[in-house]
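**Student:** Dumping the structure here so I can ask a few things about it.
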Amino acid sequence: MNLLPKSSKEFGSADYWEKFFQQRGKTAFEWYGTYLELCEVLHKYIKPKEKVLVIGCGNSELSEQLYDVGYQDIVNIDISEVVIKQMKERNGSRRPHMSFLKMDMTQLEFPDATFQVVLDKGTLDAVLTDEEEVTLRQVDRMLAEVGRVLQVGGRYLCISLAQAHILKKAVGHFSREGWMVRAHQVASSQDWVSEAEPRFSLPVFAFVMTKFRPVPGSALQIFELCTQEQGKPVRLESADQLAEAVRERQYYAWLCSQLRRKAGLGSVSLDLCSGDTGEPRYTLHVVDNPAVKPSRDNHFAIFIIPQGRETEWLFGMEEGRKQLAASAGFRRLVTVALHRGQRYAGMESIQAELSARVMELAPAGLPPQQQVPFLSVGGDIGVRTVQHQDHSALSGDYVIEDVQGEDRWYFRRLIFLSNRNVVQSEARLLKDSSHRVQKKRKKDRKKQRPADTSEDFPPVPGQSIDKSYLCCEHHKAMVAGLALLRNPELLLETPLALLVVGLGGGSLPLFVHDHFPKSRIDAVEIDPTMLEVATQWFGFSQSDRMKVHIADGLDYITSLAGGEAPPHYDVIMFDVDSKDPTLGMSCPPPAFVDQLFLQKVKSILCHDGVFILNLVCRDVRLKDSVLAGLKAAFPLLYVRRIEGEVNEILFCQLHPEQKLATPELLEMAQVLERTLRKPGQGWDDTYILSDMLKTVKIM
């Protein structure tokens with residue numbers, strides 16, 4: 001039987017509740033939870049000998065159950081004469097010290113300071129149905145009466161779904177009165193009601209408003225939040241912060257309800273925060289794979305991403321996670337990324353910490369008591385060591401961290417915390433330093449220390465970097481682009497002038513410097529902090545053949561192009577990121593591909609030279625515009641997309657007659673590779689330059 005009103009306004013009508021309880025009869029009405037679900041917070045804020053007023057009691061069994069466990073000084077009021085009569089008949093002989101009175105809560109018939117507790121289970125929600133003037137005046141009278149009948153130190157316990165207008169009114173009213181406001185998330189109301197009852201997708205909150213003695217001239221306001229995962233209240237600075245915290249939990253509850261009902265919601269991600277600090281601790285992505293046929297054991301699994309590997313395509317990109325879910329063979333896979341700056345004791349402790357929370361994300365149809373597997377790579381949580389953390393005036397906060405990759409290699413990374421899932425620069429550590437890290441890790445295991453993302457290992461100096469190895473695929477492609485120069489077999493003996501805009505960790509210019517002994521390199525970097533980072537942490541050093549210019553790349557090239565005798569470079573490389581996150585293009589900044597500026601680039605490029613650009617652009621229209629602009633400035637344009645990444649490497653030349661077909665490109669790349677493999681060059685055998693040019697598209 002559906003007893004919901006035709007409109008929410010009827011919730012505030014005495015006639016509606018008269019009819020409601022007549023039709024419902026003696027069946028208890030417990031929308032916002034039973035005594036068992038609420039008893040923890042009720043016992044925390046109500047003492048057995050305190051005098052309690054329950055407003056809008058209805059026919060809930062809550063008062064009866066409180067009475068039966070020792071809370072016997074309870075007065076219940078309701079506007080419905082029908083329900084008051086029912087409750088008197090039900091409790092008259094069994095609970096003689098509990099009273100039921102028909103009374104309007106906006107006109108309480110009790111003296112001032114009569115009660116230590118006023119308990120409200122859904123009544124404010126029922127009355128405050130809208131924000132019309134009449135309704136707000138009625139609620140003002142109700143809350144004023146609550147304040148009047150409470151003693152100093154007394155509590156108004158309001159069980160509510162905490163919709164925005166209700167939260168605004170109640171919290172605003174009592175905070176202005178100088179009361180302390182504390183919110184407890186109790187649970188999700190959808191877990192409490194039977195199939196016959198209306199369901200909510202919102203969590204239930206218990207607001208505890210504590211009455212303080214008025215202090216003239218004091219503007220002190222206290223707001224606190226307690227959630228199920230927190231052992232102690234968290235102090236918040238304002239009512240707005242409290243409202244935001246409530247909204248976040250409401251959204252999470254709604255999301256869980258949607259995930260339980262259906263699959264295929266698209267990209268779903270959320271952060272789980274530390275109960276102690278409020279800082280993000282885990283990032284979860286929910287990936288549905290409806291193509292998998294359901295069986296008892298393939299409904300649901302959790303995948304723990306090893307520390308430091310969350311930036312890899314398989315784990316960090318939506319398409320990669322879909323591939324991971326498909327290969328794992330589960331209908332729903334939740335990937336879990338571990339945050340830097342957090343301590344993790346190991347896989348077992350993570351599983352214990354997450355088990356209850358991730359089950360809230362389980363799909364419909366999961367068999368009861370089903371064991372949900374926790375998966376990972378190699379069965380452990382990996383290693384991440386923050387070696388250094390600092391702030392740059394231009395790039396913001398950044399970290400230098402060492403992470404364990406595949407085959408027990410360790411890699412050093414530069415991460416800007418404004419874009420924490422993107423690796424700005426990366427270098428491989430030499431084997432000897434990797435071994436030192438592994439030995440240190442084993443030693444720590446013997447001490448049974450939890451994995452610490454900032455203090456496990458002492459700083460490793462820059463000379464531990466393997467300078468012969470390029471980690472970034474787009475850097476490998478940019479180096480392969482040197483095959484577009486005529487006579488690549490002579491590049492080791494031929495003077496080669498390069499301009500590299502964007503230093504980062506310095507891996508790209510350093511690699512060219514070390515492998516092309518006749519090269520002379522000008523590197524331009526706008527952020528002086530990056531030169532310090534490259535030198536101290538990535539093994540970079542300047543020489544008589546490689547100089548770093550601290551300048552804006554736009555200004556530097558403009559100055560060169562406007563000089564009386566501008567230099568001419570065989571190769572110009574742009575690998576510079578944008579500091580503006582609102583743009584659809586994160587590399588390079590749009591000004592670097594402006595037509596007027598491209599003309600300046602052309603003026604300092606040799607006749608047979610090559611201009612190589614790292615393009616990262618998610619906006620399809622913007623990318624098409626950039627490609628069209630480059631094609632207008634450079635008639636010969638090759639595009640090489642980096643598989644599994646957004647990066648595309650653009651190779652630009654001045655003259656169409658320089659055009660090479662794909663077989664010729666591969667042959668030139670092979671010649672360059674054979675040249676670099678000569679003894680003494682320190683070439684890494686894992687590089688196959690021809691692979692870098694196999695999929696080049698000629699525009």
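Following the order of the structure tokens, first chain is A, next is B, and so on, with residues numbered from 1 inside each chain and ligands from 1 in the order they appear.
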Identify, on the basis of only C-alpha atoms, every residue whose closest approach to range 651-660 of chain A does not exceed 7 Å; exclude the query and any residue fewer than 3 positions from it along the same chain; express the result as a short mmCIF file (atom, residue, chain, number, x, y, z; two decimals) with N, CA, C and O atoms, in the first residue's frame.

**Tutor:**
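Generated output (out.cif):
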data_model
loop_
_atom_site.label_atom_id
_atom_site.label_comp_id
_atom_site.auth_asym_id
_atom_site.auth_seq_id
_atom_site.Cartn_x
_atom_site.Cartn_y
_atom_site.Cartn_z
N GLY A 481 63.12 10.67 -35.11
CA GLY A 481 62.90 11.69 -36.13
C GLY A 481 64.18 12.23 -36.74
O GLY A 481 64.15 12.84 -37.82
N HIS A 607 67.63 24.52 -44.11
CA HIS A 607 66.88 24.15 -45.32
C HIS A 607 66.44 22.69 -45.27
O HIS A 607 65.30 22.35 -45.61
N GLY A 609 66.43 20.86 -42.47
CA GLY A 609 66.22 20.52 -41.06
C GLY A 609 64.85 19.93 -40.79
O GLY A 609 63.99 19.82 -41.67
N VAL A 610 64.64 19.56 -39.54
CA VAL A 610 63.37 18.98 -39.13
C VAL A 610 62.93 19.62 -37.81
O VAL A 610 63.73 19.81 -36.89
N PHE A 611 61.67 20.00 -37.77
CA PHE A 611 61.03 20.58 -36.58
C PHE A 611 60.17 19.48 -35.98
O PHE A 611 59.26 18.96 -36.64
N ILE A 612 60.45 19.10 -34.72
CA ILE A 612 59.77 17.98 -34.07
C ILE A 612 58.99 18.51 -32.87
O ILE A 612 59.55 19.19 -32.01
N LEU A 613 57.72 18.17 -32.82
CA LEU A 613 56.81 18.74 -31.82
C LEU A 613 56.05 17.63 -31.10
O LEU A 613 55.48 16.74 -31.74
N PHE A 634 54.55 24.37 -42.69
CA PHE A 634 55.53 23.36 -43.10
C PHE A 634 54.85 22.41 -44.07
O PHE A 634 54.06 21.54 -43.64
N PRO A 635 55.11 22.52 -45.35
CA PRO A 635 54.40 21.73 -46.35
C PRO A 635 54.51 20.21 -46.15
O PRO A 635 53.64 19.46 -46.59
N LEU A 636 55.59 19.77 -45.50
CA LEU A 636 55.78 18.34 -45.29
C LEU A 636 55.58 18.02 -43.81
O LEU A 636 56.31 18.53 -42.94
N LEU A 637 54.57 17.21 -43.51
CA LEU A 637 54.19 16.94 -42.12
C LEU A 637 53.95 15.44 -41.94
O LEU A 637 53.13 14.84 -42.63
N TYR A 638 54.68 14.84 -41.01
CA TYR A 638 54.46 13.45 -40.62
C TYR A 638 53.88 13.43 -39.20
O TYR A 638 54.28 14.24 -38.35
N VAL A 639 52.99 12.47 -38.93
CA VAL A 639 52.38 12.34 -37.59
C VAL A 639 52.61 10.92 -37.09
O VAL A 639 52.31 9.95 -37.78
N GLU A 664 61.15 3.97 -47.14
CA GLU A 664 62.36 4.78 -47.07
C GLU A 664 62.60 5.29 -45.65
O GLU A 664 63.74 5.33 -45.17
N LEU A 665 61.50 5.67 -44.97
CA LEU A 665 61.62 6.10 -43.58
C LEU A 665 62.20 4.99 -42.71
O LEU A 665 63.10 5.22 -41.89
#

**Student:** List the neighbours of Val601 in chain A out to 10 Å using only C-alpha atoms; skip same-chain residues closer than 4 positions along the sequence, and give me the result as a PyMOL selection string.

**Tutor:** chain A and resi 554+557-558+560-561+568-569+572+592-593+595-597+605+611+633

**Student:** Work out how far apart CA of Glu145 in chain A and CA of Gly178 in chain A are and give it in Å to one decimal.

**Tutor:** 16.0 Å

**Student:** Could you tell me which of A:Cys472, A:Cys273, A:Trp409, A:Arg155 comes closest to Asp575 in chain A if we count only C-alpha atoms?

**Tutor:** A:Cys472

**Student:** So that I can see what lies close to Arg545 in chain A, please list as a PyMOL selection string the residues with an atom at most 8 Å from it, counting only C-alpha atoms and leaving out residues fewer than 2 positions away in the same chain.

**Tutor:** chain A and resi 513+519-521+542-543+547

**Student:** For Leu470 in chain A, which residue out of A:Arg428, A:Arg249, A:Lys600, A:Arg486 is the nearest one, using only C-alpha atoms?

**Tutor:**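 Among the listed residues, the smallest separation from Leu470 in chain A belongs to A:Arg428.
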
**Student:** Per DSSP on the backbone, filter range 441-645 of chain A down to the residues in alpha helix (DSSP H) and report them as an MDAnalysis selection string.

**Tutor:** chainID A and resid 441:446 473:480 507:515 528:537 553:561 595:603 620:633
